[in-house]
Amino acid sequence: MMRNRLGYYIKEGFTGIFKHGFMSFATICVITACLIIMGTFALLAINIQAIISNLESQNQIVAYIDENLPDNEAAGIENEIRRIENISTVRFVTREEAFSNFLAKYENNSLFSDLDASVLKDRYVITLKDIADMEMTRDQLISIPGIVKVNAHLEISKGFVTLRNIAGLVSIALVLMLLLVSVFIMANTIKLATFSRREEIAIMKIVGATNWFIRFPFILQGMMLGIAGSMFAYLIEWGLYYLVAGRLAVSNTFSFITLVPFDMITLPLLISFGVLGLLVGVFGSTSAIKNYLYI
Amino acid sequence: MISMYEVYKSYENGTSAIRGINLTIEDGEFAFLVGPSGSGKTTIIKMITGEVYPTSGVVSVNGFDLSRIKRRQTPKLRRTLGVIFQDFRLIDKKTVYENVAFAMYVLGKSNKEIKQRVPYVLQLVGLESRMSCLPAELSGGEQQRVAIARALVNNPQVIIADEPTGNIDPARSLEIMMLLEKINELGTTVLVVTHERELVNRFSKRVIAIDAGRLISDGMGGYYEYDEE
Ligand SMILES: Nc1ncnc2c1ncn2[C@@H]1O[C@H](COP(=O)(O)OP(=O)(O)OP(=O)(O)O)[C@@H](O)[C@H]1O
Ligand SMILES: [Mg+2]
């Protein structure tokens, strides 16, 4: 880049922004809106994923063992279970242990006081790597000889997985669509700026200024608009997130949902908004100025 | 030096603007390029400045081969040229001084160089007292002299003027031509496109005449023989 021209680029960039103040404002608004929509769906997907992970660690499959199986064979089943791909942890629980857990849970309930451990079976308590495949894993478990019954909460896992997949797909589709919209709006705004400076551009061309020199103020202008849009989007998204988190915390219906803390997503969100804003600025302005450079 | 060898140019719409031109303009020459409207004068100028490319043949300007020049090279070629247009092409919001300085600024010249050079060229074209005027405050002839100063300011090897007096009254036109002659005497090659027979005949210079994209005469002596229209 040429000597001491940074000031020139920045000045020209700002001039372009304020000269078409309304269009600049509109561009920032569109980018902000697009990023908020994208960001919201991405955050939704992230939170559902967090819920799923949580379920994965909590949601245990219980595989009951045939009572008539000798103890040494029952222990051998563990190796077969571990051979299943999707298995994360396996823990053998004797009927006595299960019984004392059960009693602990219903300590004050006299209904169960005259039960004894023999009513329960030995079992394996299993957690999964991915609950999306819970159904398949359950079938694999059942097919192991010596396992008589498998308890798995398929419905919940299925529901969340579907939700996550939808949110994921929607956010990808939105990202593509809204990025196109933003680039289009950006390109139009920068075109206005190039149009009002077309004489200067023509003169720069004819005296032999490089394309980079001519292009740069416009690209900078695009980048400034893009960054402004992403900063606003970030701030608004932040506010929205706290609002929703607050509502969820006091809600009766949804109190089981705790959002991923905003601190944990601050950096990724800031970076992806920033990068997207910059990209919109660069692509929009580059496409806007293209026509002027081929003379 | 400018040279054209067997140059043809057809535009995308099929118009055959140049049909086989051979031409050489040596360093330090002064030449008029004349011809009726639509004969291809502007097309020749644009091939020299790299705004359009020849369909076939070779165009070479100051060592650049225009038939195979890379887009990235075009700015370098243009720095060896000073171009002047019929419509002046000044920036209305910039003063005379700023208009001229802009041409240096966008090539990355230092402020010191700019401060030295701009007053010098403005004095050369006789506008040292109008430096802080806006173009709108100047006559057509004066505006064209600003454009000439701008073309000169980066010290080009060749000045190319496409109908520089087209928008200027006859008395001022003569002054512009004399200014271009003076610039030529200072060592710059000058190529001037013009319609104005009277004007050409007052100078004793090389006259290149074209019609319908072909060279019809090329000689010294301040004459301009064929009929226009
Ligand atoms: N961009 C273009 N596309 C198509 N045809 C063109 C283009 N520019 C010029 N022409 C045609 O090429 C021919 C030569 O045009 P050119 O502008 O070179 O003529 P000229 O000698 O400069 O005319 P004038 O004296 O009126 O300026 C004309 O027939 C014109 O219509
Ligand atoms: Mg012409």
# chains A, B, ... in the order shown; residues from 1 in each chain; ligands from 1
$ residues_near_ligand --ligand "ligand 1" --cutoff "6 Å" --atoms "only C-alpha atoms and all ligand atoms" --output "PyMOL selection string"
chain B and resi 11+13+15+17+36-43
$ residues_around --residues "Leu77 in chain B" --least-positions-apart "6" --cutoff "9 Å" --atoms "only C-alpha atoms" --output "MDAnalysis selection string"
(chainID A and resid 208) or (chainID B and resid 49:50 61:64)
$ atom_distance --atom1 "CA of Glu113 in chain B" --atom2 "CA of Val96 in chain B"
17.1 Å
$ closest_residue --among "B:Leu122, B:Leu107, B:Ile114, B:Val146" --to "chain A" --atoms "only C-alpha atoms"
B:Leu107
$ select_by_dssp --residues "chain B" --states "helix (DSSP H, G or I)" --output "VMD selection string"
chain B and resid 41 to 49 71 to 78 96 to 105 111 to 124 128 to 130 135 to 137 140 to 153 170 to 185 197 to 201
$ write_last_selection --atoms "C-alpha atoms" --output "PDB file, in the first residue's frame"
ATOM      1  CA  LYS B  41     -10.129   9.081 -33.878  1.00  0.00           C
ATOM      2  CA  THR B  42     -11.367   8.494 -30.370  1.00  0.00           C
ATOM      3  CA  THR B  43     -11.028   4.756 -30.894  1.00  0.00           C
ATOM      4  CA  ILE B  44      -7.341   5.251 -31.705  1.00  0.00           C
ATOM      5  CA  ILE B  45      -6.875   7.365 -28.582  1.00  0.00           C
ATOM      6  CA  LYS B  46      -8.608   4.738 -26.447  1.00  0.00           C
ATOM      7  CA  MET B  47      -6.383   2.020 -27.846  1.00  0.00           C
ATOM      8  CA  ILE B  48      -3.370   4.108 -26.861  1.00  0.00           C
ATOM      9  CA  THR B  49      -4.628   4.641 -23.302  1.00  0.00           C
ATOM     10  CA  ARG B  71      -4.816  -5.326 -16.542  1.00  0.00           C
ATOM     11  CA  ARG B  72      -2.374  -4.852 -13.699  1.00  0.00           C
ATOM     12  CA  GLN B  73       0.076  -3.153 -16.077  1.00  0.00           C
ATOM     13  CA  THR B  74      -2.393  -0.591 -17.395  1.00  0.00           C
ATOM     14  CA  PRO B  75      -1.828   1.910 -14.545  1.00  0.00           C
ATOM     15  CA  LYS B  76       1.904   1.843 -15.300  1.00  0.00           C
ATOM     16  CA  LEU B  77       1.244   2.596 -18.945  1.00  0.00           C
ATOM     17  CA  ARG B  78      -1.093   5.427 -18.015  1.00  0.00           C
ATOM     18  CA  VAL B  96      -7.686  24.401  -9.343  1.00  0.00           C
ATOM     19  CA  TYR B  97      -4.753  23.557  -7.121  1.00  0.00           C
ATOM     20  CA  GLU B  98      -6.494  20.514  -5.637  1.00  0.00           C
ATOM     21  CA  ASN B  99      -7.542  19.198  -9.021  1.00  0.00           C
ATOM     22  CA  VAL B 100      -3.958  19.184 -10.182  1.00  0.00           C
ATOM     23  CA  ALA B 101      -2.564  17.950  -6.880  1.00  0.00           C
ATOM     24  CA  PHE B 102      -5.070  15.076  -6.868  1.00  0.00           C
ATOM     25  CA  ALA B 103      -3.388  13.509  -9.895  1.00  0.00           C
ATOM     26  CA  MET B 104      -0.109  13.372  -7.980  1.00  0.00           C
ATOM     27  CA  TYR B 105      -1.701  12.387  -4.712  1.00  0.00           C
ATOM     28  CA  ASN B 111       3.333  16.248  -0.053  1.00  0.00           C
ATOM     29  CA  LYS B 112       6.689  17.888  -0.592  1.00  0.00           C
ATOM     30  CA  GLU B 113       6.820  16.837  -4.225  1.00  0.00           C
ATOM     31  CA  ILE B 114       3.231  17.962  -4.708  1.00  0.00           C
ATOM     32  CA  LYS B 115       3.868  21.386  -3.157  1.00  0.00           C
ATOM     33  CA  GLN B 116       6.803  21.927  -5.463  1.00  0.00           C
ATOM     34  CA  ARG B 117       5.374  20.598  -8.680  1.00  0.00           C
ATOM     35  CA  VAL B 118       1.772  21.859  -8.742  1.00  0.00           C
ATOM     36  CA  PRO B 119       2.555  25.614  -8.648  1.00  0.00           C
ATOM     37  CA  TYR B 120       5.166  25.031 -11.329  1.00  0.00           C
ATOM     38  CA  VAL B 121       2.756  23.442 -13.817  1.00  0.00           C
ATOM     39  CA  LEU B 122       0.023  25.931 -12.982  1.00  0.00           C
ATOM     40  CA  GLN B 123       2.447  28.695 -13.796  1.00  0.00           C
ATOM     41  CA  LEU B 124       3.342  26.889 -17.026  1.00  0.00           C
ATOM     42  CA  GLU B 128      -0.798  30.712 -11.043  1.00  0.00           C
ATOM     43  CA  SER B 129      -3.175  33.469  -9.954  1.00  0.00           C
ATOM     44  CA  ARG B 130      -6.287  31.231 -10.075  1.00  0.00           C
ATOM     45  CA  PRO B 135     -13.662  25.145 -11.864  1.00  0.00           C
ATOM     46  CA  ALA B 136     -17.097  26.791 -12.079  1.00  0.00           C
ATOM     47  CA  GLU B 137     -15.415  30.193 -11.579  1.00  0.00           C
ATOM     48  CA  GLY B 140     -13.791  27.093 -20.635  1.00  0.00           C
ATOM     49  CA  GLY B 141     -10.311  27.901 -21.847  1.00  0.00           C
ATOM     50  CA  GLU B 142      -9.055  28.236 -18.302  1.00  0.00           C
ATOM     51  CA  GLN B 143     -10.677  24.975 -17.267  1.00  0.00           C
ATOM     52  CA  GLN B 144      -8.969  23.239 -20.138  1.00  0.00           C
ATOM     53  CA  ARG B 145      -5.678  24.704 -19.019  1.00  0.00           C
ATOM     54  CA  VAL B 146      -6.269  23.217 -15.582  1.00  0.00           C
ATOM     55  CA  ALA B 147      -6.824  19.871 -17.302  1.00  0.00           C
ATOM     56  CA  ILE B 148      -3.589  20.350 -19.223  1.00  0.00           C
ATOM     57  CA  ALA B 149      -1.760  21.140 -15.999  1.00  0.00           C
ATOM     58  CA  ARG B 150      -3.182  17.979 -14.483  1.00  0.00           C
ATOM     59  CA  ALA B 151      -2.094  15.942 -17.509  1.00  0.00           C
ATOM     60  CA  LEU B 152       1.391  17.397 -17.218  1.00  0.00           C
ATOM     61  CA  VAL B 153       1.877  17.227 -13.508  1.00  0.00           C
ATOM     62  CA  PRO B 170     -11.843  30.107 -31.356  1.00  0.00           C
ATOM     63  CA  ALA B 171      -9.594  32.726 -29.771  1.00  0.00           C
ATOM     64  CA  ARG B 172      -9.103  30.608 -26.639  1.00  0.00           C
ATOM     65  CA  SER B 173      -8.697  27.528 -28.791  1.00  0.00           C
ATOM     66  CA  LEU B 174      -5.652  29.003 -30.430  1.00  0.00           C
ATOM     67  CA  GLU B 175      -4.178  29.723 -26.998  1.00  0.00           C
ATOM     68  CA  ILE B 176      -4.725  26.123 -25.973  1.00  0.00           C
ATOM     69  CA  MET B 177      -3.002  24.839 -29.110  1.00  0.00           C
ATOM     70  CA  MET B 178      -0.107  27.209 -28.561  1.00  0.00           C
ATOM     71  CA  LEU B 179       0.156  25.949 -25.011  1.00  0.00           C
ATOM     72  CA  LEU B 180       0.326  22.384 -26.280  1.00  0.00           C
ATOM     73  CA  GLU B 181       2.967  23.449 -28.781  1.00  0.00           C
ATOM     74  CA  LYS B 182       4.968  25.000 -25.971  1.00  0.00           C
ATOM     75  CA  ILE B 183       4.675  21.804 -23.947  1.00  0.00           C
ATOM     76  CA  ASN B 184       5.936  19.891 -26.972  1.00  0.00           C
ATOM     77  CA  GLU B 185       8.875  22.244 -27.240  1.00  0.00           C
ATOM     78  CA  ARG B 197      -9.383  22.846 -39.928  1.00  0.00           C
ATOM     79  CA  GLU B 198      -8.645  26.531 -39.343  1.00  0.00           C
ATOM     80  CA  LEU B 199      -6.731  25.750 -36.241  1.00  0.00           C
ATOM     81  CA  VAL B 200      -4.681  22.963 -37.784  1.00  0.00           C
ATOM     82  CA  ASN B 201      -3.760  25.146 -40.702  1.00  0.00           C
TER      83      ASN B 201
END
$ select_by_dssp --residues "range 145-183 of chain B" --states "strand (DSSP E or B)" --output "short mmCIF file (atom, residue, chain, number, x, y, z; two decimals) with N, CA and C atoms, in the first residue's frame"
data_model
loop_
_atom_site.label_atom_id
_atom_site.label_comp_id
_atom_site.auth_asym_id
_atom_site.auth_seq_id
_atom_site.Cartn_x
_atom_site.Cartn_y
_atom_site.Cartn_z
N VAL B 158 4.12 11.37 -23.06
CA VAL B 158 3.23 11.75 -24.16
C VAL B 158 1.99 12.43 -23.62
N ILE B 159 1.58 13.52 -24.28
CA ILE B 159 0.30 14.15 -23.98
C ILE B 159 -0.66 13.80 -25.12
N ILE B 160 -1.83 13.33 -24.75
CA ILE B 160 -2.83 12.98 -25.74
C ILE B 160 -4.07 13.81 -25.47
N ALA B 161 -4.55 14.52 -26.49
CA ALA B 161 -5.70 15.39 -26.30
C ALA B 161 -6.77 15.06 -27.32
N ASP B 162 -7.94 14.66 -26.83
CA ASP B 162 -9.05 14.33 -27.73
C ASP B 162 -9.98 15.52 -27.84
#
$ atom_distance --atom1 "CA of Ile77 in chain A" --atom2 "CA of Val125 in chain A"
12.5 Å
$ interface_residues --of "chain A" --to "chain B" --cutoff "12 Å" --atoms "only C-alpha atoms" --output "JSON, numbers by chain"
{"A": [1, 2, 3, 4, 5, 6, 8, 9, 196, 197, 198, 199, 200, 201, 202, 203, 204, 205, 206, 207, 208, 209, 210, 211, 212, 213, 214, 215, 216, 292, 293, 294, 295]}
$ atom_distance --atom1 "CA of Thr189 in chain A" --atom2 "CA of Leu240 in chain A"
28.6 Å
$ residues_around --residues "Ile36 in chain A" --least-positions-apart "4" --cutoff "10 Å" --atoms "only C-alpha atoms" --output "PDB file with C-alpha atoms, in the first residue's frame"
ATOM      1  CA  VAL A  30     -30.292  -4.724   7.567  1.00  0.00           C
ATOM      2  CA  ILE A  31     -26.996  -6.292   8.573  1.00  0.00           C
ATOM      3  CA  THR A  32     -27.909  -5.979  12.240  1.00  0.00           C
ATOM      4  CA  THR A  40     -30.752 -16.308  17.463  1.00  0.00           C
ATOM      5  CA  PHE A  41     -31.155 -19.541  15.553  1.00  0.00           C
ATOM      6  CA  ALA A  42     -27.534 -20.438  16.090  1.00  0.00           C
ATOM      7  CA  GLY A 229     -23.894  -3.771  11.911  1.00  0.00           C
ATOM      8  CA  SER A 230     -22.256  -6.648  13.717  1.00  0.00           C
ATOM      9  CA  PHE A 232     -25.165  -3.520  17.114  1.00  0.00           C
ATOM     10  CA  ALA A 233     -26.316  -7.065  16.451  1.00  0.00           C
ATOM     11  CA  TYR A 234     -24.026  -8.332  19.174  1.00  0.00           C
ATOM     12  CA  LEU A 235     -25.297  -5.835  21.731  1.00  0.00           C
ATOM     13  CA  ILE A 236     -28.921  -6.513  20.908  1.00  0.00           C
ATOM     14  CA  GLU A 237     -28.390 -10.273  20.909  1.00  0.00           C
ATOM     15  CA  TRP A 238     -26.768  -9.940  24.301  1.00  0.00           C
ATOM     16  CA  LEU A 240     -32.192 -10.512  24.164  1.00  0.00           C
ATOM     17  CA  PHE A 273     -20.650 -11.634  13.897  1.00  0.00           C
TER      18      PHE A 273
END
$ residues_around --residues "Glu6 in chain B" --least-positions-apart "4" --cutoff "8 Å" --atoms "only C-alpha atoms" --output "ChimeraX atom specification"
/B:20-22,56-58
$ write_last_selection --atoms "N, CA and C atoms" --output "mmCIF file, in the first residue's frame"
data_model
loop_
_atom_site.group_PDB
_atom_site.id
_atom_site.type_symbol
_atom_site.label_atom_id
_atom_site.label_comp_id
_atom_site.auth_asym_id
_atom_site.auth_seq_id
_atom_site.Cartn_x
_atom_site.Cartn_y
_atom_site.Cartn_z
ATOM 1 N N GLY B 20 -7.217 -1.372 -40.321
ATOM 2 C CA GLY B 20 -5.876 -1.514 -40.874
ATOM 3 C C GLY B 20 -5.090 -0.223 -40.843
ATOM 4 N N ILE B 21 -4.623 0.145 -39.653
ATOM 5 C CA ILE B 21 -3.854 1.396 -39.526
ATOM 6 C C ILE B 21 -2.393 1.074 -39.200
ATOM 7 N N ASN B 22 -1.488 1.728 -39.944
ATOM 8 C CA ASN B 22 -0.060 1.669 -39.626
ATOM 9 C C ASN B 22 0.392 3.090 -39.331
ATOM 10 N N SER B 56 -7.174 -6.855 -33.792
ATOM 11 C CA SER B 56 -5.956 -7.515 -34.260
ATOM 12 C C SER B 56 -4.908 -6.456 -34.550
ATOM 13 N N GLY B 57 -3.685 -6.892 -34.763
ATOM 14 C CA GLY B 57 -2.593 -5.954 -34.981
ATOM 15 C C GLY B 57 -1.883 -5.627 -33.684
ATOM 16 N N VAL B 58 -0.853 -4.780 -33.791
ATOM 17 C CA VAL B 58 -0.031 -4.459 -32.627
ATOM 18 C C VAL B 58 -0.093 -2.964 -32.334
#
$ residues_around --residues "Lys129 in chain A" --least-positions-apart "4" --cutoff "10 Å" --atoms "only C-alpha atoms" --output "NGL selection string"
:A and (53 or 56-57 or 85-89 or 133-134)
$ residues_around --residues "Val90 in chain A" --least-positions-apart "5" --cutoff "10 Å" --atoms "only C-alpha atoms" --output "VMD selection string"
chain A and resid 60 to 62 78 to 79 81 to 82 124 to 128
$ write_last_selection --atoms "N, CA and C atoms" --output "PDB file, in the first residue's frame"
ATOM      1  N   GLN A  60     -29.996 -42.282  31.344  1.00  0.00           N
ATOM      2  CA  GLN A  60     -29.345 -43.580  31.376  1.00  0.00           C
ATOM      3  C   GLN A  60     -30.270 -44.626  30.780  1.00  0.00           C
ATOM      4  N   ILE A  61     -29.650 -45.548  30.087  1.00  0.00           N
ATOM      5  CA  ILE A  61     -30.381 -46.720  29.647  1.00  0.00           C
ATOM      6  C   ILE A  61     -30.117 -47.805  30.684  1.00  0.00           C
ATOM      7  N   VAL A  62     -31.123 -48.476  31.064  1.00  0.00           N
ATOM      8  CA  VAL A  62     -30.928 -49.558  32.030  1.00  0.00           C
ATOM      9  C   VAL A  62     -31.216 -50.892  31.333  1.00  0.00           C
ATOM     10  N   GLU A  78     -20.802 -57.453  30.172  1.00  0.00           N
ATOM     11  CA  GLU A  78     -20.248 -56.088  30.124  1.00  0.00           C
ATOM     12  C   GLU A  78     -19.366 -55.886  28.887  1.00  0.00           C
ATOM     13  N   ASN A  79     -18.513 -56.888  28.606  1.00  0.00           N
ATOM     14  CA  ASN A  79     -17.634 -56.752  27.435  1.00  0.00           C
ATOM     15  C   ASN A  79     -18.427 -56.636  26.143  1.00  0.00           C
ATOM     16  N   ILE A  81     -21.423 -55.464  25.889  1.00  0.00           N
ATOM     17  CA  ILE A  81     -22.057 -54.135  25.843  1.00  0.00           C
ATOM     18  C   ILE A  81     -21.046 -53.088  25.357  1.00  0.00           C
ATOM     19  N   ARG A  82     -19.843 -53.195  25.901  1.00  0.00           N
ATOM     20  CA  ARG A  82     -18.825 -52.199  25.525  1.00  0.00           C
ATOM     21  C   ARG A  82     -18.480 -52.247  24.049  1.00  0.00           C
ATOM     22  N   TYR A 124     -27.326 -53.319  34.213  1.00  0.00           N
ATOM     23  CA  TYR A 124     -26.256 -52.424  33.780  1.00  0.00           C
ATOM     24  C   TYR A 124     -26.859 -51.046  33.557  1.00  0.00           C
ATOM     25  N   VAL A 125     -26.200 -50.043  34.115  1.00  0.00           N
ATOM     26  CA  VAL A 125     -26.629 -48.670  33.851  1.00  0.00           C
ATOM     27  C   VAL A 125     -25.663 -48.085  32.811  1.00  0.00           C
ATOM     28  N   ILE A 126     -26.238 -47.643  31.722  1.00  0.00           N
ATOM     29  CA  ILE A 126     -25.435 -47.298  30.553  1.00  0.00           C
ATOM     30  C   ILE A 126     -25.714 -45.856  30.144  1.00  0.00           C
ATOM     31  N   THR A 127     -24.665 -45.099  29.792  1.00  0.00           N
ATOM     32  CA  THR A 127     -24.904 -43.787  29.154  1.00  0.00           C
ATOM     33  C   THR A 127     -24.340 -43.833  27.740  1.00  0.00           C
ATOM     34  N   LEU A 128     -24.911 -42.960  26.912  1.00  0.00           N
ATOM     35  CA  LEU A 128     -24.597 -43.021  25.486  1.00  0.00           C
ATOM     36  C   LEU A 128     -23.729 -41.847  25.044  1.00  0.00           C
TER      37      LEU A 128
END
$ residues_around --residues "Tyr242 in chain A" --least-positions-apart "2" --cutoff "12 Å" --atoms "only C-alpha atoms" --output "short mmCIF file (atom, residue, chain, number, x, y, z; two decimals) with all heavy atoms, in the first residue's frame"
data_model
loop_
_atom_site.label_atom_id
_atom_site.label_comp_id
_atom_site.auth_asym_id
_atom_site.auth_seq_id
_atom_site.Cartn_x
_atom_site.Cartn_y
_atom_site.Cartn_z
N LEU A 235 -24.74 -6.45 20.53
CA LEU A 235 -25.30 -5.83 21.73
C LEU A 235 -26.76 -6.23 21.92
O LEU A 235 -27.19 -6.57 23.02
CB LEU A 235 -25.16 -4.31 21.65
CG LEU A 235 -23.73 -3.79 21.77
CD1 LEU A 235 -23.68 -2.29 21.60
CD2 LEU A 235 -23.13 -4.21 23.12
N ILE A 236 -27.50 -6.19 20.81
CA ILE A 236 -28.92 -6.51 20.91
C ILE A 236 -29.11 -7.99 21.27
O ILE A 236 -29.92 -8.35 22.12
CB ILE A 236 -29.63 -6.16 19.60
CG1 ILE A 236 -29.60 -4.64 19.40
CG2 ILE A 236 -31.07 -6.66 19.61
CD1 ILE A 236 -30.09 -4.17 18.05
N GLU A 237 -28.31 -8.83 20.64
CA GLU A 237 -28.39 -10.27 20.91
C GLU A 237 -28.11 -10.55 22.39
O GLU A 237 -28.77 -11.36 23.03
CB GLU A 237 -27.36 -11.01 20.03
CG GLU A 237 -27.52 -12.50 20.01
CD GLU A 237 -28.65 -12.96 19.11
OE1 GLU A 237 -28.51 -12.87 17.89
OE2 GLU A 237 -29.69 -13.39 19.64
N TRP A 238 -27.16 -9.82 22.90
CA TRP A 238 -26.77 -9.94 24.30
C TRP A 238 -27.96 -9.61 25.20
O TRP A 238 -28.34 -10.36 26.10
CB TRP A 238 -25.60 -8.99 24.53
CG TRP A 238 -24.98 -9.00 25.89
CD1 TRP A 238 -24.74 -10.09 26.67
CD2 TRP A 238 -24.53 -7.86 26.61
NE1 TRP A 238 -24.14 -9.71 27.82
CE2 TRP A 238 -24.00 -8.34 27.83
CE3 TRP A 238 -24.50 -6.49 26.35
CZ2 TRP A 238 -23.46 -7.49 28.77
CZ3 TRP A 238 -23.95 -5.65 27.30
CH2 TRP A 238 -23.44 -6.14 28.49
N GLY A 239 -28.58 -8.47 24.90
CA GLY A 239 -29.75 -8.04 25.67
C GLY A 239 -30.85 -9.08 25.60
O GLY A 239 -31.44 -9.47 26.62
N LEU A 240 -31.13 -9.53 24.36
CA LEU A 240 -32.19 -10.51 24.16
C LEU A 240 -31.93 -11.78 24.97
O LEU A 240 -32.81 -12.34 25.61
CB LEU A 240 -32.28 -10.89 22.68
CG LEU A 240 -32.99 -9.91 21.77
CD1 LEU A 240 -32.94 -10.41 20.33
CD2 LEU A 240 -34.43 -9.73 22.23
N VAL A 244 -34.35 -13.44 27.74
CA VAL A 244 -34.91 -14.78 27.64
C VAL A 244 -34.48 -15.64 28.82
O VAL A 244 -35.29 -16.34 29.43
CB VAL A 244 -34.50 -15.44 26.30
CG1 VAL A 244 -34.92 -16.91 26.28
CG2 VAL A 244 -35.13 -14.69 25.14
N ALA A 245 -33.19 -15.52 29.16
CA ALA A 245 -32.69 -16.32 30.28
C ALA A 245 -33.44 -15.96 31.56
O ALA A 245 -33.82 -16.83 32.35
CB ALA A 245 -31.19 -16.10 30.46
N GLY A 246 -33.69 -14.67 31.75
CA GLY A 246 -34.42 -14.20 32.92
C GLY A 246 -35.83 -14.76 32.95
O GLY A 246 -36.31 -15.26 33.98
N ARG A 247 -36.50 -14.68 31.82
CA ARG A 247 -37.87 -15.19 31.71
C ARG A 247 -37.92 -16.69 32.03
O ARG A 247 -38.80 -17.16 32.74
CB ARG A 247 -38.41 -14.97 30.29
CG ARG A 247 -38.89 -13.57 30.04
CD ARG A 247 -40.25 -13.33 30.74
NE ARG A 247 -40.46 -11.93 30.99
CZ ARG A 247 -40.87 -11.06 30.07
NH1 ARG A 247 -41.14 -11.49 28.86
NH2 ARG A 247 -41.02 -9.80 30.37
N LEU A 248 -36.96 -17.42 31.46
CA LEU A 248 -36.96 -18.87 31.65
C LEU A 248 -36.78 -19.21 33.12
O LEU A 248 -37.39 -20.14 33.63
CB LEU A 248 -35.84 -19.51 30.83
CG LEU A 248 -36.14 -19.69 29.34
CD1 LEU A 248 -34.94 -20.31 28.64
CD2 LEU A 248 -37.38 -20.53 29.13
N ALA A 249 -35.94 -18.41 33.77
CA ALA A 249 -35.62 -18.71 35.17
C ALA A 249 -36.86 -18.59 36.04
O ALA A 249 -37.03 -19.36 37.00
CB ALA A 249 -34.53 -17.78 35.66
N THR A 258 -32.01 -24.50 31.46
CA THR A 258 -31.10 -23.41 31.82
C THR A 258 -30.26 -23.12 30.59
O THR A 258 -29.70 -24.03 29.98
CB THR A 258 -30.14 -23.79 32.97
OG1 THR A 258 -30.25 -25.18 33.16
CG2 THR A 258 -30.42 -23.00 34.21
N LEU A 259 -30.19 -21.84 30.22
CA LEU A 259 -29.44 -21.49 29.01
C LEU A 259 -27.94 -21.59 29.28
O LEU A 259 -27.49 -21.40 30.40
CB LEU A 259 -29.79 -20.07 28.58
CG LEU A 259 -31.21 -19.87 28.05
CD1 LEU A 259 -31.35 -18.47 27.47
CD2 LEU A 259 -31.56 -20.91 26.99
N VAL A 260 -27.23 -21.88 28.22
CA VAL A 260 -25.78 -21.80 28.28
C VAL A 260 -25.42 -20.38 28.70
O VAL A 260 -25.96 -19.44 28.14
CB VAL A 260 -25.18 -22.09 26.90
CG1 VAL A 260 -23.67 -21.92 26.90
CG2 VAL A 260 -25.57 -23.49 26.42
N PRO A 261 -24.55 -20.19 29.70
CA PRO A 261 -24.23 -18.80 30.14
C PRO A 261 -23.68 -17.97 28.98
O PRO A 261 -22.90 -18.49 28.17
CB PRO A 261 -23.17 -19.00 31.22
CG PRO A 261 -23.08 -20.45 31.47
CD PRO A 261 -23.83 -21.19 30.45
N PHE A 262 -24.09 -16.70 28.90
CA PHE A 262 -23.69 -15.86 27.78
C PHE A 262 -22.17 -15.71 27.71
O PHE A 262 -21.60 -15.62 26.63
CB PHE A 262 -24.38 -14.50 27.87
CG PHE A 262 -24.30 -13.72 26.60
CD1 PHE A 262 -25.08 -14.07 25.51
CD2 PHE A 262 -23.42 -12.65 26.46
CE1 PHE A 262 -25.01 -13.36 24.32
CE2 PHE A 262 -23.34 -11.94 25.27
CZ PHE A 262 -24.14 -12.31 24.21
N ASP A 263 -21.54 -15.68 28.88
CA ASP A 263 -20.07 -15.55 28.93
C ASP A 263 -19.39 -16.60 28.05
O ASP A 263 -18.36 -16.35 27.44
CB ASP A 263 -19.56 -15.73 30.36
CG ASP A 263 -20.08 -14.62 31.25
OD1 ASP A 263 -20.65 -13.66 30.68
OD2 ASP A 263 -19.93 -14.72 32.48
#
$ closest_residue --among "B:Glu163, B:Asp87, B:Asp218, B:Asp211" --to "ligand 2" --atoms "only C-alpha atoms and all ligand atoms"
B:Glu163
